[in-house]
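Q: Hey, dropping coords.cif in here, mmCIF, C-alpha atoms:
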data_start
loop_
_atom_site.group_PDB
_atom_site.id
_atom_site.type_symbol
_atom_site.label_atom_id
_atom_site.label_comp_id
_atom_site.auth_asym_id
_atom_site.auth_seq_id
_atom_site.Cartn_x
_atom_site.Cartn_y
_atom_site.Cartn_z
ATOM 1 C CA MET Z 1 -8.128 19.145 3.769
ATOM 2 C CA PRO Z 2 -7.068 17.484 0.472
ATOM 3 C CA SER Z 3 -3.727 15.787 -0.033
ATOM 4 C CA PRO Z 4 -1.149 18.292 -1.337
ATOM 5 C CA PHE Z 5 0.337 15.811 -3.813
ATOM 6 C CA PRO Z 6 -1.171 15.493 -7.305
ATOM 7 C CA GLY Z 7 -0.926 11.706 -7.191
ATOM 8 C CA MET Z 8 0.246 9.255 -4.543
ATOM 9 C CA ASN Z 9 1.241 10.927 -1.277
ATOM 10 C CA PRO Z 10 4.671 9.471 -0.309
ATOM 11 C CA TYR Z 11 4.063 10.227 3.375
ATOM 12 C CA LEU Z 12 1.288 7.626 3.354
ATOM 13 C CA GLU Z 13 3.886 4.943 2.634
ATOM 14 C CA HIS Z 14 5.200 5.255 6.204
ATOM 15 C CA PRO Z 15 4.693 1.918 8.076
ATOM 16 C CA ASN Z 16 2.668 3.703 10.767
ATOM 17 C CA LEU Z 17 0.152 4.898 8.168
ATOM 18 C CA TRP Z 18 0.230 2.317 5.374
ATOM 19 C CA PRO Z 19 -1.805 -0.486 7.077
ATOM 20 C CA GLY Z 20 -4.692 1.892 7.711
ATOM 21 C CA LEU Z 21 -4.535 3.295 4.175
ATOM 22 C CA HIS Z 22 -4.487 -0.236 2.741
ATOM 23 C CA HIS Z 23 -7.642 -1.090 4.685
ATOM 24 C CA TRP Z 24 -9.377 2.148 3.688
ATOM 25 C CA LEU Z 25 -8.656 1.654 -0.031
ATOM 26 C CA ILE Z 26 -9.897 -1.947 0.014
ATOM 27 C CA ILE Z 27 -13.192 -0.871 1.574
ATOM 28 C CA GLU Z 28 -13.643 2.210 -0.644
ATOM 29 C CA ILE Z 29 -13.001 0.242 -3.847
ATOM 30 C CA ALA Z 30 -15.610 -2.287 -2.730
ATOM 31 C CA ARG Z 31 -18.028 0.535 -1.877
ATOM 32 C CA LEU Z 32 -17.492 2.087 -5.319
ATOM 33 C CA LEU Z 33 -17.949 -1.137 -7.285
ATOM 34 C CA SER Z 34 -20.741 -2.898 -5.433
ATOM 35 C CA PRO Z 35 -23.715 -0.810 -6.671
ATOM 36 C CA GLN Z 36 -22.346 -0.785 -10.234
ATOM 37 C CA LEU Z 37 -21.952 -4.574 -10.405
ATOM 38 C CA ARG Z 38 -25.312 -5.611 -8.949
ATOM 39 C CA PRO Z 39 -27.151 -7.867 -9.549
ATOM 40 C CA LYS Z 40 -24.837 -10.044 -11.657
ATOM 41 C CA TYR Z 41 -21.766 -9.721 -9.437
ATOM 42 C CA ARG Z 42 -20.924 -9.085 -5.810
ATOM 43 C CA VAL Z 43 -17.697 -7.744 -4.301
ATOM 44 C CA ALA Z 44 -16.240 -9.944 -1.553
ATOM 45 C CA VAL Z 45 -13.669 -8.629 0.921
ATOM 46 C CA GLU Z 46 -11.257 -11.495 1.590
ATOM 47 C CA VAL Z 47 -8.371 -11.853 4.042
ATOM 48 C CA ARG Z 48 -5.182 -13.816 3.421
ATOM 49 C CA MET Z 49 -3.494 -15.021 6.623
ATOM 50 C CA TYR Z 50 -0.087 -16.545 7.270
ATOM 51 C CA GLU Z 51 2.362 -16.871 10.133
ATOM 52 C CA THR Z 52 5.829 -15.417 9.981
ATOM 53 C CA SER Z 53 8.634 -14.753 12.441
ATOM 54 C CA GLY Z 54 10.607 -11.580 12.934
ATOM 55 C CA GLY Z 55 7.802 -9.444 11.504
ATOM 56 C CA ASN Z 56 8.986 -6.444 13.496
ATOM 57 C CA SER Z 57 12.136 -6.312 11.365
ATOM 58 C CA LEU Z 58 10.062 -4.210 8.960
ATOM 59 C CA PHE Z 59 10.230 -1.413 11.509
ATOM 60 C CA VAL Z 60 13.912 -1.574 12.451
ATOM 61 C CA GLY Z 61 15.623 1.730 11.727
ATOM 62 C CA ILE Z 62 12.421 3.443 10.594
ATOM 63 C CA PRO Z 63 12.159 7.014 11.896
ATOM 64 C CA ASP Z 64 8.954 8.217 13.463
ATOM 65 C CA VAL Z 65 9.573 11.911 12.745
ATOM 66 C CA THR Z 66 7.024 12.086 9.948
ATOM 67 C CA ILE Z 67 4.214 11.573 12.434
ATOM 68 C CA LYS Z 68 3.021 14.294 14.801
ATOM 69 C CA ARG Z 69 2.860 12.704 18.201
ATOM 70 C CA LEU Z 70 3.023 13.440 21.925
ATOM 71 C CA SER Z 71 4.302 10.853 24.358
ATOM 72 C CA ASN Z 72 4.111 10.736 28.144
ATOM 73 C CA VAL Z 73 6.203 8.058 29.779
ATOM 74 C CA THR Z 74 6.039 7.371 33.493
ATOM 75 C CA ASP Z 75 8.215 5.017 35.465
ATOM 76 C CA SER Z 76 6.052 2.777 37.647
ATOM 77 C CA THR Z 77 8.685 0.091 38.270
ATOM 78 C CA LYS Z 78 10.478 1.641 41.238
ATOM 79 C CA THR Z 79 10.443 -0.394 44.461
ATOM 80 C CA ASN Z 80 12.215 -0.268 47.818
ATOM 81 C CA VAL Z 81 13.252 -3.939 47.722
ATOM 82 C CA ALA Z 82 17.021 -4.564 47.680
ATOM 83 C CA VAL Z 83 18.094 -6.892 44.868
ATOM 84 C CA ALA Z 84 21.515 -8.544 44.712
ATOM 85 C CA GLU Z 85 23.498 -7.850 41.543
ATOM 86 C CA PRO Z 86 24.405 -11.034 39.604
ATOM 87 C CA ALA Z 87 28.077 -11.729 39.048
ATOM 88 C CA THR Z 88 27.619 -11.687 35.266
ATOM 89 C CA LYS Z 89 25.109 -9.247 33.837
ATOM 90 C CA PRO Z 90 22.932 -10.532 30.989
ATOM 91 C CA ILE Z 91 22.882 -8.894 27.587
ATOM 92 C CA GLN Z 92 19.468 -7.941 26.271
ATOM 93 C CA VAL Z 93 18.781 -9.512 22.885
ATOM 94 C CA THR Z 94 15.789 -9.638 20.560
ATOM 95 C CA ILE Z 95 14.487 -12.968 19.321
ATOM 96 C CA PRO Z 96 12.084 -13.652 16.431
ATOM 97 C CA ARG Z 97 8.520 -14.230 17.484
ATOM 98 C CA PRO Z 98 5.707 -15.745 15.435
ATOM 99 C CA GLU Z 99 3.329 -13.149 14.060
ATOM 100 C CA ILE Z 100 0.028 -13.595 12.254
ATOM 101 C CA ILE Z 101 -0.103 -11.394 9.144
ATOM 102 C CA LYS Z 102 -3.492 -10.484 7.677
ATOM 103 C CA GLU Z 103 -3.744 -9.001 4.175
ATOM 104 C CA GLY Z 104 -7.033 -7.877 2.706
ATOM 105 C CA TYR Z 105 -7.947 -8.142 -0.964
ATOM 106 C CA LEU Z 106 -11.081 -8.127 -3.115
ATOM 107 C CA GLU Z 107 -12.769 -10.709 -5.266
ATOM 108 C CA VAL Z 108 -15.517 -9.955 -7.776
ATOM 109 C CA ARG Z 109 -17.737 -13.043 -7.735
ATOM 110 C CA GLU Z 110 -20.543 -14.045 -10.070
ATOM 111 C CA VAL Z 111 -23.819 -14.284 -8.181
ATOM 112 C CA GLY Z 112 -25.210 -17.827 -8.192
ATOM 113 C CA THR Z 113 -22.059 -19.669 -9.233
ATOM 114 C CA GLU Z 114 -19.674 -17.795 -6.865
ATOM 115 C CA ASP Z 115 -17.017 -18.017 -9.615
ATOM 116 C CA VAL Z 116 -14.203 -15.512 -9.048
ATOM 117 C CA VAL Z 117 -14.192 -13.262 -12.108
ATOM 118 C CA THR Z 118 -11.630 -10.676 -10.948
ATOM 119 C CA THR Z 119 -9.143 -10.459 -8.085
ATOM 120 C CA ILE Z 120 -8.025 -7.007 -6.876
ATOM 121 C CA GLU Z 121 -4.805 -6.838 -4.864
ATOM 122 C CA ILE Z 122 -3.120 -3.844 -3.207
ATOM 123 C CA LEU Z 123 0.476 -4.782 -2.466
ATOM 124 C CA SER Z 124 1.864 -4.471 1.062
ATOM 125 C CA PRO Z 125 5.504 -4.093 2.187
ATOM 126 C CA THR Z 126 5.612 -7.804 3.062
ATOM 127 C CA ASN Z 127 4.707 -8.663 -0.550
ATOM 128 C CA LYS Z 128 7.730 -6.734 -1.837
ATOM 129 C CA ARG Z 129 10.473 -8.129 0.408
ATOM 130 C CA ARG Z 130 11.944 -11.597 0.772
ATOM 131 C CA GLY Z 131 10.141 -13.864 3.171
ATOM 132 C CA LYS Z 132 6.886 -15.646 3.815
ATOM 133 C CA GLY Z 133 4.759 -12.683 2.757
ATOM 134 C CA ARG Z 134 6.176 -12.528 -0.742
ATOM 135 C CA GLU Z 135 6.182 -16.312 -1.122
ATOM 136 C CA THR Z 136 2.532 -16.541 -0.084
ATOM 137 C CA TYR Z 137 1.505 -13.738 -2.411
ATOM 138 C CA GLU Z 138 3.494 -15.090 -5.380
ATOM 139 C CA GLU Z 139 1.791 -18.469 -4.956
ATOM 140 C CA LYS Z 140 -1.613 -16.769 -5.018
ATOM 141 C CA ARG Z 141 -0.553 -14.635 -7.989
ATOM 142 C CA GLN Z 142 0.550 -17.674 -9.974
ATOM 143 C CA ASP Z 143 -2.730 -19.444 -9.217
ATOM 144 C CA VAL Z 144 -4.683 -16.474 -10.579
ATOM 145 C CA LEU Z 145 -2.451 -16.071 -13.640
ATOM 146 C CA GLY Z 146 -2.843 -19.777 -14.367
ATOM 147 C CA SER Z 147 -6.629 -19.466 -14.452
ATOM 148 C CA LYS Z 148 -9.192 -17.449 -16.400
ATOM 149 C CA THR Z 149 -9.603 -15.005 -13.515
ATOM 150 C CA HIS Z 150 -8.697 -11.381 -14.223
ATOM 151 C CA LEU Z 151 -6.074 -9.795 -11.970
ATOM 152 C CA VAL Z 152 -5.808 -6.153 -10.904
ATOM 153 C CA GLU Z 153 -2.587 -5.530 -8.975
ATOM 154 C CA ILE Z 154 -2.026 -2.094 -7.400
ATOM 155 C CA ASP Z 155 1.466 -1.135 -6.209
ATOM 156 C CA LEU Z 156 1.599 2.215 -4.384
ATOM 157 C CA LEU Z 157 4.936 1.544 -2.650
ATOM 158 C CA ARG Z 158 8.196 2.917 -4.027
ATOM 159 C CA THR Z 159 10.529 0.553 -2.196
ATOM 160 C CA GLY Z 160 10.941 -3.201 -2.313
ATOM 161 C CA GLN Z 161 11.184 -5.665 -5.154
ATOM 162 C CA ALA Z 162 8.568 -5.046 -7.824
ATOM 163 C CA MET Z 163 6.495 -7.961 -9.076
ATOM 164 C CA THR Z 164 7.835 -9.808 -12.100
ATOM 165 C CA PHE Z 165 6.975 -8.736 -15.650
ATOM 166 C CA PHE Z 166 8.509 -9.887 -18.916
ATOM 167 C CA ASP Z 167 9.405 -6.265 -19.699
ATOM 168 C CA THR Z 168 11.830 -5.919 -16.790
ATOM 169 C CA ASP Z 169 13.289 -2.642 -18.085
ATOM 170 C CA ILE Z 170 10.103 -0.731 -17.180
ATOM 171 C CA GLU Z 171 10.823 1.484 -14.182
ATOM 172 C CA SER Z 172 8.463 3.744 -12.252
ATOM 173 C CA HIS Z 173 7.658 4.705 -8.674
ATOM 174 C CA TYR Z 174 4.203 3.103 -8.777
ATOM 175 C CA ARG Z 175 2.328 0.582 -10.926
ATOM 176 C CA ILE Z 176 -1.168 -0.708 -11.653
ATOM 177 C CA LEU Z 177 -1.401 -3.988 -13.562
ATOM 178 C CA VAL Z 178 -4.645 -4.981 -15.295
ATOM 179 C CA CYS Z 179 -4.239 -8.554 -16.506
ATOM 180 C CA ARG Z 180 -7.202 -10.073 -18.314
ATOM 181 C CA GLY Z 181 -7.599 -13.831 -18.151
ATOM 182 C CA ASP Z 182 -8.451 -14.117 -21.866
ATOM 183 C CA ARG Z 183 -5.491 -12.025 -23.106
ATOM 184 C CA ARG Z 184 -2.504 -13.554 -21.353
ATOM 185 C CA PRO Z 185 0.466 -13.350 -21.627
ATOM 186 C CA TYR Z 186 -0.374 -9.718 -22.473
ATOM 187 C CA ALA Z 187 -1.499 -7.240 -19.831
ATOM 188 C CA ASP Z 188 -1.969 -3.490 -19.402
ATOM 189 C CA LEU Z 189 0.574 -1.840 -17.124
ATOM 190 C CA TYR Z 190 -0.064 1.697 -15.870
ATOM 191 C CA ALA Z 191 3.356 2.948 -14.756
ATOM 192 C CA PHE Z 192 3.449 6.375 -13.093
ATOM 193 C CA ASN Z 193 5.664 8.481 -10.867
ATOM 194 C CA LEU Z 194 5.387 10.711 -7.807
ATOM 195 C CA GLN Z 195 4.624 13.888 -9.776
ATOM 196 C CA GLU Z 196 1.797 12.286 -11.806
ATOM 197 C CA VAL Z 197 -1.881 11.742 -11.115
ATOM 198 C CA ILE Z 198 -2.798 8.116 -10.426
ATOM 199 C CA PRO Z 199 -4.372 6.862 -13.684
ATOM 200 C CA ALA Z 200 -7.960 5.616 -13.730
ATOM 201 C CA PHE Z 201 -8.428 2.109 -15.132
ATOM 202 C CA PRO Z 202 -11.281 -0.241 -16.133
ATOM 203 C CA LEU Z 203 -12.256 -3.229 -14.006
ATOM 204 C CA PRO Z 204 -12.105 -6.316 -16.262
ATOM 205 C CA LEU Z 205 -15.269 -8.446 -16.273
ATOM 206 C CA ARG Z 206 -16.956 -10.891 -18.659
ATOM 207 C CA GLN Z 207 -16.670 -9.853 -22.309
ATOM 208 C CA GLU Z 208 -20.364 -8.999 -22.619
ATOM 209 C CA ASP Z 209 -20.416 -6.681 -19.590
ATOM 210 C CA MET Z 210 -19.778 -2.950 -19.324
ATOM 211 C CA GLU Z 211 -16.662 -2.358 -17.243
ATOM 212 C CA PRO Z 212 -16.747 0.273 -14.464
ATOM 213 C CA ILE Z 213 -13.849 2.708 -14.166
ATOM 214 C CA ILE Z 214 -11.866 2.798 -10.915
ATOM 215 C CA ASP Z 215 -10.653 6.342 -10.235
ATOM 216 C CA LEU Z 216 -8.091 5.463 -7.584
ATOM 217 C CA GLN Z 217 -6.909 9.071 -7.305
ATOM 218 C CA LYS Z 218 -10.368 10.224 -6.288
ATOM 219 C CA LEU Z 219 -10.685 7.416 -3.749
ATOM 220 C CA LEU Z 220 -7.263 8.200 -2.286
ATOM 221 C CA ASN Z 221 -8.154 11.880 -1.893
ATOM 222 C CA GLU Z 222 -11.428 10.977 -0.186
ATOM 223 C CA VAL Z 223 -9.654 8.598 2.197
ATOM 224 C CA TYR Z 224 -7.034 11.251 2.995
ATOM 225 C CA ASP Z 225 -9.819 13.651 3.960
ATOM 226 C CA ILE Z 226 -11.989 11.157 5.875
ATOM 227 C CA SER Z 227 -9.070 9.749 7.864
ATOM 228 C CA ALA Z 228 -7.712 13.269 8.599
ATOM 229 C CA TYR Z 229 -4.161 12.389 7.600
ATOM 230 C CA ASP Z 230 -3.361 16.111 7.473
ATOM 231 C CA LEU Z 231 -3.586 16.137 11.281
ATOM 232 C CA VAL Z 232 -0.879 13.495 11.758
ATOM 233 C CA ILE Z 233 1.557 14.097 8.882
ATOM 234 C CA ASP Z 234 4.354 16.584 9.551
ATOM 235 C CA TYR Z 235 5.289 17.967 6.138
ATOM 236 C CA ASN Z 236 8.255 19.815 7.632
ATOM 237 C CA GLN Z 237 9.954 16.435 7.930
ATOM 238 C CA ALA Z 238 11.162 14.215 5.088
ATOM 239 C CA PRO Z 239 8.929 11.249 4.187
ATOM 240 C CA PHE Z 240 9.889 7.657 4.838
ATOM 241 C CA PRO Z 241 10.960 5.851 2.720
ATOM 242 C CA PRO Z 242 13.140 8.790 1.603
ATOM 243 C CA LEU Z 243 12.845 10.413 -1.806
ATOM 244 C CA SER Z 244 15.608 10.752 -4.365
ATOM 245 C CA GLU Z 245 17.429 14.078 -4.555
ATOM 246 C CA ALA Z 246 15.390 15.271 -7.544
ATOM 247 C CA ASP Z 247 12.056 14.138 -6.103
ATOM 248 C CA ALA Z 248 12.865 15.626 -2.685
ATOM 249 C CA ALA Z 249 13.659 18.990 -4.288
ATOM 250 C CA TRP Z 250 10.379 18.888 -6.239
ATOM 251 C CA ALA Z 251 8.377 17.939 -3.115
ATOM 252 C CA ASN Z 252 10.109 20.648 -1.064
ATOM 253 C CA GLU Z 253 9.180 23.375 -3.550
ATOM 254 C CA MET Z 254 5.625 22.087 -3.940
ATOM 255 C CA LEU Z 255 4.999 21.913 -0.181
ATOM 256 C CA GLN Z 256 6.442 25.391 0.312
ATOM 257 C CA ASP Z 257 4.177 26.779 -2.426
ATOM 258 C CA LYS Z 258 1.165 25.262 -0.647
ATOM 259 C CA GLY Z 259 2.223 26.726 2.703
ATOM 260 C CA LEU Z 260 2.773 23.318 4.295
ATOM 261 C CA ARG Z 261 6.524 23.707 4.791
ATOM 262 C CA SER Z 262 8.526 26.747 5.764
ATOM 263 C CA THR Z 263 11.915 27.502 4.254
ATOM 264 C CA ALA Z 264 13.537 27.396 7.700
ATOM 265 C CA ASP Z 265 12.138 23.932 8.450
ATOM 266 C CA SER Z 266 12.947 22.337 5.096
ATOM 267 C CA PRO Z 267 14.670 18.979 5.582
ATOM 268 C CA GLU Z 268 18.101 18.435 4.123
ATOM 269 C CA ILE Z 269 17.898 17.280 0.498
ATOM 270 C CA PRO Z 270 19.625 13.874 0.124
ATOM 271 C CA ASN Z 271 22.729 13.658 -2.038
#
Just give me the structure as structure tokens.

A:
Amino acid sequence: MPSPFPGMNPYLEHPNLWPGLHHWLIIEIARLLSPQLRPKYRVAVEVRMYETSGGNSLFVGIPDVTIKRLSNVTDSTKTNVAVAEPATKPIQVTIPRPEIIKEGYLEVREVGTEDVVTTIEILSPTNKRRGKGRETYEEKRQDVLGSKTHLVEIDLLRTGQAMTFFDTDIESHYRILVCRGDRRPYADLYAFNLQEVIPAFPLPLRQEDMEPIIDLQKLLNEVYDISAYDLVIDYNQAPFPPLSEADAAWANEMLQDKGLRSTADSPEIPN
């Protein structure tokens, strides 16, 4: 079943679904490009790793109602041993724990020299919030922007702090940045919103080479179908992160028209 949204599906931004979608898109972009770039280039799937603490804070206060799920909990801790009660009962607290974060990205490398011609990044929630994740990514971003390597930066997340541009007054739900190493400080920014189709864009390569087109909308729709997201997303619930009042009203009408949400089950539109 295809995704009901014309562009990015906001339900896929839920933290329970986003990591899998991120992985799928990385692999499908590589699968699309590899046969078109041979034999001059190869597409390398790379992984950036760093350690952070308190990683679970991303999930604090996040509802799970957008995901269809059944849970069976059994209590296997009961015993017949008498235990004396302490005079002062402890208070349960949560402490930060180190967590290894892995973020996948793509590099288009020239065969023979292994020079990185283009880096393709799909932003994650950790890249768009304060902390080690953003610091690590910004360092990598600055290294790329300070070189001749092209950068393709895909942001399919509505929340968080957007990456820095000189034109800071540009606002949109989603963004795709195509920054060519030989044209800086200028770059092409594809800014689009929830109601719009994700724009296709060219993959920058050497000047003498024909540049393949990445149709991210088509890839997203294929991933939605292959991964059977329609079986886990409950469209009768509001997405997380929440939509604005206007966007929620538009999504509500659209989902009702497609028969994926009944009038009785429509979530309350935020004020």

Q: Given the file shown, determine the residues that the PyMOL selection byres ((chain Z and resi 134) around 12) selects; report them as a PDB file with C-alpha atoms, in the coordinates of the input.

A:
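And here is the file that came out, result_27.pdb:
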ATOM      1  CA  TYR Z  50      -0.087 -16.545   7.270  1.00  0.00           C
ATOM      2  CA  THR Z  52       5.829 -15.417   9.981  1.00  0.00           C
ATOM      3  CA  ILE Z 101      -0.103 -11.394   9.144  1.00  0.00           C
ATOM      4  CA  GLU Z 103      -3.744  -9.001   4.175  1.00  0.00           C
ATOM      5  CA  LEU Z 123       0.476  -4.782  -2.466  1.00  0.00           C
ATOM      6  CA  SER Z 124       1.864  -4.471   1.062  1.00  0.00           C
ATOM      7  CA  PRO Z 125       5.504  -4.093   2.187  1.00  0.00           C
ATOM      8  CA  THR Z 126       5.612  -7.804   3.062  1.00  0.00           C
ATOM      9  CA  ASN Z 127       4.707  -8.663  -0.550  1.00  0.00           C
ATOM     10  CA  LYS Z 128       7.730  -6.734  -1.837  1.00  0.00           C
ATOM     11  CA  ARG Z 129      10.473  -8.129   0.408  1.00  0.00           C
ATOM     12  CA  ARG Z 130      11.944 -11.597   0.772  1.00  0.00           C
ATOM     13  CA  GLY Z 131      10.141 -13.864   3.171  1.00  0.00           C
ATOM     14  CA  LYS Z 132       6.886 -15.646   3.815  1.00  0.00           C
ATOM     15  CA  GLY Z 133       4.759 -12.683   2.757  1.00  0.00           C
ATOM     16  CA  GLU Z 135       6.182 -16.312  -1.122  1.00  0.00           C
ATOM     17  CA  THR Z 136       2.532 -16.541  -0.084  1.00  0.00           C
ATOM     18  CA  TYR Z 137       1.505 -13.738  -2.411  1.00  0.00           C
ATOM     19  CA  GLU Z 138       3.494 -15.090  -5.380  1.00  0.00           C
ATOM     20  CA  GLU Z 139       1.791 -18.469  -4.956  1.00  0.00           C
ATOM     21  CA  LYS Z 140      -1.613 -16.769  -5.018  1.00  0.00           C
ATOM     22  CA  ARG Z 141      -0.553 -14.635  -7.989  1.00  0.00           C
ATOM     23  CA  GLN Z 142       0.550 -17.674  -9.974  1.00  0.00           C
ATOM     24  CA  GLY Z 160      10.941  -3.201  -2.313  1.00  0.00           C
ATOM     25  CA  GLN Z 161      11.184  -5.665  -5.154  1.00  0.00           C
ATOM     26  CA  ALA Z 162       8.568  -5.046  -7.824  1.00  0.00           C
ATOM     27  CA  MET Z 163       6.495  -7.961  -9.076  1.00  0.00           C
ATOM     28  CA  THR Z 164       7.835  -9.808 -12.100  1.00  0.00           C
TER      29      THR Z 164
END

Q: Residues within 7 Å of Pro6 in chain Z, please, as a CSV table (one decimal) with C-alpha atoms, in the coordinates of the input. Count all atoms listed in the file; anything in the same chain fewer than 6 positions from it doesn't count.

A:
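Result written to out.csv:
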chain,number,residue,atom,x,y,z
Z,195,GLN,CA,4.6,13.9,-9.8
Z,196,GLU,CA,1.8,12.3,-11.8
Z,197,VAL,CA,-1.9,11.7,-11.1

Q: Which residues come within 7 Å of Trp24 in chain Z, counting only C-alpha atoms, excluding same-chain residues fewer than 4 positions away, as an MDAnalysis selection string?

A: chainID Z and resid 20 28 223

Q: For CA of Gln256 in chain Z and CA of Asn221 in chain Z, determine how far apart the two atoms are, in Å to one decimal place.

A: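 Interatomic distance here is 20.0 Å.
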
Q: So which residues get picked by the PyMOL selection byres ((chain Z and resi 199) around 9) here, written as a list in words?

A: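 Answer for the PyMOL selection byres ((chain Z and resi 199) around 9): Gly7, Ile176, Tyr190, Ala191, Phe192, Glu196, Val197, Ile198, Ala200, Phe201, Ile214, Asp215, Leu216 and Gln217 of chain Z.
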
Q: Check which residues satisfy the PyMOL selection byres ((chain Z and resi 207-211) around 12) in the file shown, then give them as a PyMOL selection string.

A: chain Z and resi 33+36-38+40-41+117-118+150+180-183+201-206+212-214

Q: Take the residues just selected and output them with C-alpha atoms as a PDB file, in the frame of the given file.

A:
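Wrote selection.pdb, looks like this:
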ATOM      1  CA  LEU Z  33     -17.949  -1.137  -7.285  1.00  0.00           C
ATOM      2  CA  GLN Z  36     -22.346  -0.785 -10.234  1.00  0.00           C
ATOM      3  CA  LEU Z  37     -21.952  -4.574 -10.405  1.00  0.00           C
ATOM      4  CA  ARG Z  38     -25.312  -5.611  -8.949  1.00  0.00           C
ATOM      5  CA  LYS Z  40     -24.837 -10.044 -11.657  1.00  0.00           C
ATOM      6  CA  TYR Z  41     -21.766  -9.721  -9.437  1.00  0.00           C
ATOM      7  CA  VAL Z 117     -14.192 -13.262 -12.108  1.00  0.00           C
ATOM      8  CA  THR Z 118     -11.630 -10.676 -10.948  1.00  0.00           C
ATOM      9  CA  HIS Z 150      -8.697 -11.381 -14.223  1.00  0.00           C
ATOM     10  CA  ARG Z 180      -7.202 -10.073 -18.314  1.00  0.00           C
ATOM     11  CA  GLY Z 181      -7.599 -13.831 -18.151  1.00  0.00           C
ATOM     12  CA  ASP Z 182      -8.451 -14.117 -21.866  1.00  0.00           C
ATOM     13  CA  ARG Z 183      -5.491 -12.025 -23.106  1.00  0.00           C
ATOM     14  CA  PHE Z 201      -8.428   2.109 -15.132  1.00  0.00           C
ATOM     15  CA  PRO Z 202     -11.281  -0.241 -16.133  1.00  0.00           C
ATOM     16  CA  LEU Z 203     -12.256  -3.229 -14.006  1.00  0.00           C
ATOM     17  CA  PRO Z 204     -12.105  -6.316 -16.262  1.00  0.00           C
ATOM     18  CA  LEU Z 205     -15.269  -8.446 -16.273  1.00  0.00           C
ATOM     19  CA  ARG Z 206     -16.956 -10.891 -18.659  1.00  0.00           C
ATOM     20  CA  PRO Z 212     -16.747   0.273 -14.464  1.00  0.00           C
ATOM     21  CA  ILE Z 213     -13.849   2.708 -14.166  1.00  0.00           C
ATOM     22  CA  ILE Z 214     -11.866   2.798 -10.915  1.00  0.00           C
TER      23      ILE Z 214
END

Q: Under the rule that all atoms listed in the file are counted, which of Z:Asp188, Z:Arg261, Z:His22, Z:Val111 is the nearest residue to Asp234 in chain Z?

A: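 Using all atoms listed in the file, the shortest distance to Asp234 in chain Z belongs to Z:Arg261.
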
Q: Reconstruct range 252-262 of chain Z at the level of N, CA, C and O atoms, and format the result as a PDB file, keeping the file's coordinate frame.

A:
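Resulting contents of result_4.pdb:
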ATOM      1  N   ASN Z 252       9.819  19.514  -1.940  1.00  0.00           N
ATOM      2  CA  ASN Z 252      10.109  20.648  -1.064  1.00  0.00           C
ATOM      3  C   ASN Z 252       9.506  21.939  -1.632  1.00  0.00           C
ATOM      4  O   ASN Z 252       8.845  22.704  -0.915  1.00  0.00           O
ATOM      5  N   GLU Z 253       9.710  22.170  -2.918  1.00  0.00           N
ATOM      6  CA  GLU Z 253       9.180  23.375  -3.550  1.00  0.00           C
ATOM      7  C   GLU Z 253       7.653  23.359  -3.568  1.00  0.00           C
ATOM      8  O   GLU Z 253       6.996  24.379  -3.305  1.00  0.00           O
ATOM      9  N   MET Z 254       7.073  22.207  -3.874  1.00  0.00           N
ATOM     10  CA  MET Z 254       5.625  22.087  -3.940  1.00  0.00           C
ATOM     11  C   MET Z 254       4.978  22.329  -2.578  1.00  0.00           C
ATOM     12  O   MET Z 254       3.974  23.044  -2.461  1.00  0.00           O
ATOM     13  N   LEU Z 255       5.560  21.750  -1.525  1.00  0.00           N
ATOM     14  CA  LEU Z 255       4.999  21.913  -0.181  1.00  0.00           C
ATOM     15  C   LEU Z 255       5.159  23.349   0.322  1.00  0.00           C
ATOM     16  O   LEU Z 255       4.283  23.868   1.025  1.00  0.00           O
ATOM     17  N   GLN Z 256       6.264  23.988  -0.059  1.00  0.00           N
ATOM     18  CA  GLN Z 256       6.442  25.391   0.312  1.00  0.00           C
ATOM     19  C   GLN Z 256       5.413  26.271  -0.399  1.00  0.00           C
ATOM     20  O   GLN Z 256       4.842  27.188   0.213  1.00  0.00           O
ATOM     21  N   ASP Z 257       5.158  25.998  -1.671  1.00  0.00           N
ATOM     22  CA  ASP Z 257       4.177  26.779  -2.426  1.00  0.00           C
ATOM     23  C   ASP Z 257       2.780  26.656  -1.828  1.00  0.00           C
ATOM     24  O   ASP Z 257       1.987  27.595  -1.887  1.00  0.00           O
ATOM     25  N   LYS Z 258       2.480  25.491  -1.242  1.00  0.00           N
ATOM     26  CA  LYS Z 258       1.165  25.262  -0.647  1.00  0.00           C
ATOM     27  C   LYS Z 258       1.102  25.696   0.812  1.00  0.00           C
ATOM     28  O   LYS Z 258       0.067  25.521   1.476  1.00  0.00           O
ATOM     29  N   GLY Z 259       2.208  26.240   1.332  1.00  0.00           N
ATOM     30  CA  GLY Z 259       2.223  26.726   2.703  1.00  0.00           C
ATOM     31  C   GLY Z 259       2.282  25.634   3.754  1.00  0.00           C
ATOM     32  O   GLY Z 259       1.963  25.868   4.918  1.00  0.00           O
ATOM     33  N   LEU Z 260       2.703  24.430   3.352  1.00  0.00           N
ATOM     34  CA  LEU Z 260       2.773  23.318   4.295  1.00  0.00           C
ATOM     35  C   LEU Z 260       4.178  23.083   4.826  1.00  0.00           C
ATOM     36  O   LEU Z 260       4.378  22.228   5.688  1.00  0.00           O
ATOM     37  N   ARG Z 261       5.144  23.834   4.323  1.00  0.00           N
ATOM     38  CA  ARG Z 261       6.524  23.707   4.791  1.00  0.00           C
ATOM     39  C   ARG Z 261       7.186  25.064   4.689  1.00  0.00           C
ATOM     40  O   ARG Z 261       7.129  25.720   3.646  1.00  0.00           O
ATOM     41  N   SER Z 262       7.809  25.474   5.774  1.00  0.00           N
ATOM     42  CA  SER Z 262       8.526  26.747   5.764  1.00  0.00           C
ATOM     43  C   SER Z 262       9.945  26.534   5.274  1.00  0.00           C
ATOM     44  O   SER Z 262      10.494  25.428   5.365  1.00  0.00           O
TER      45      SER Z 262
END
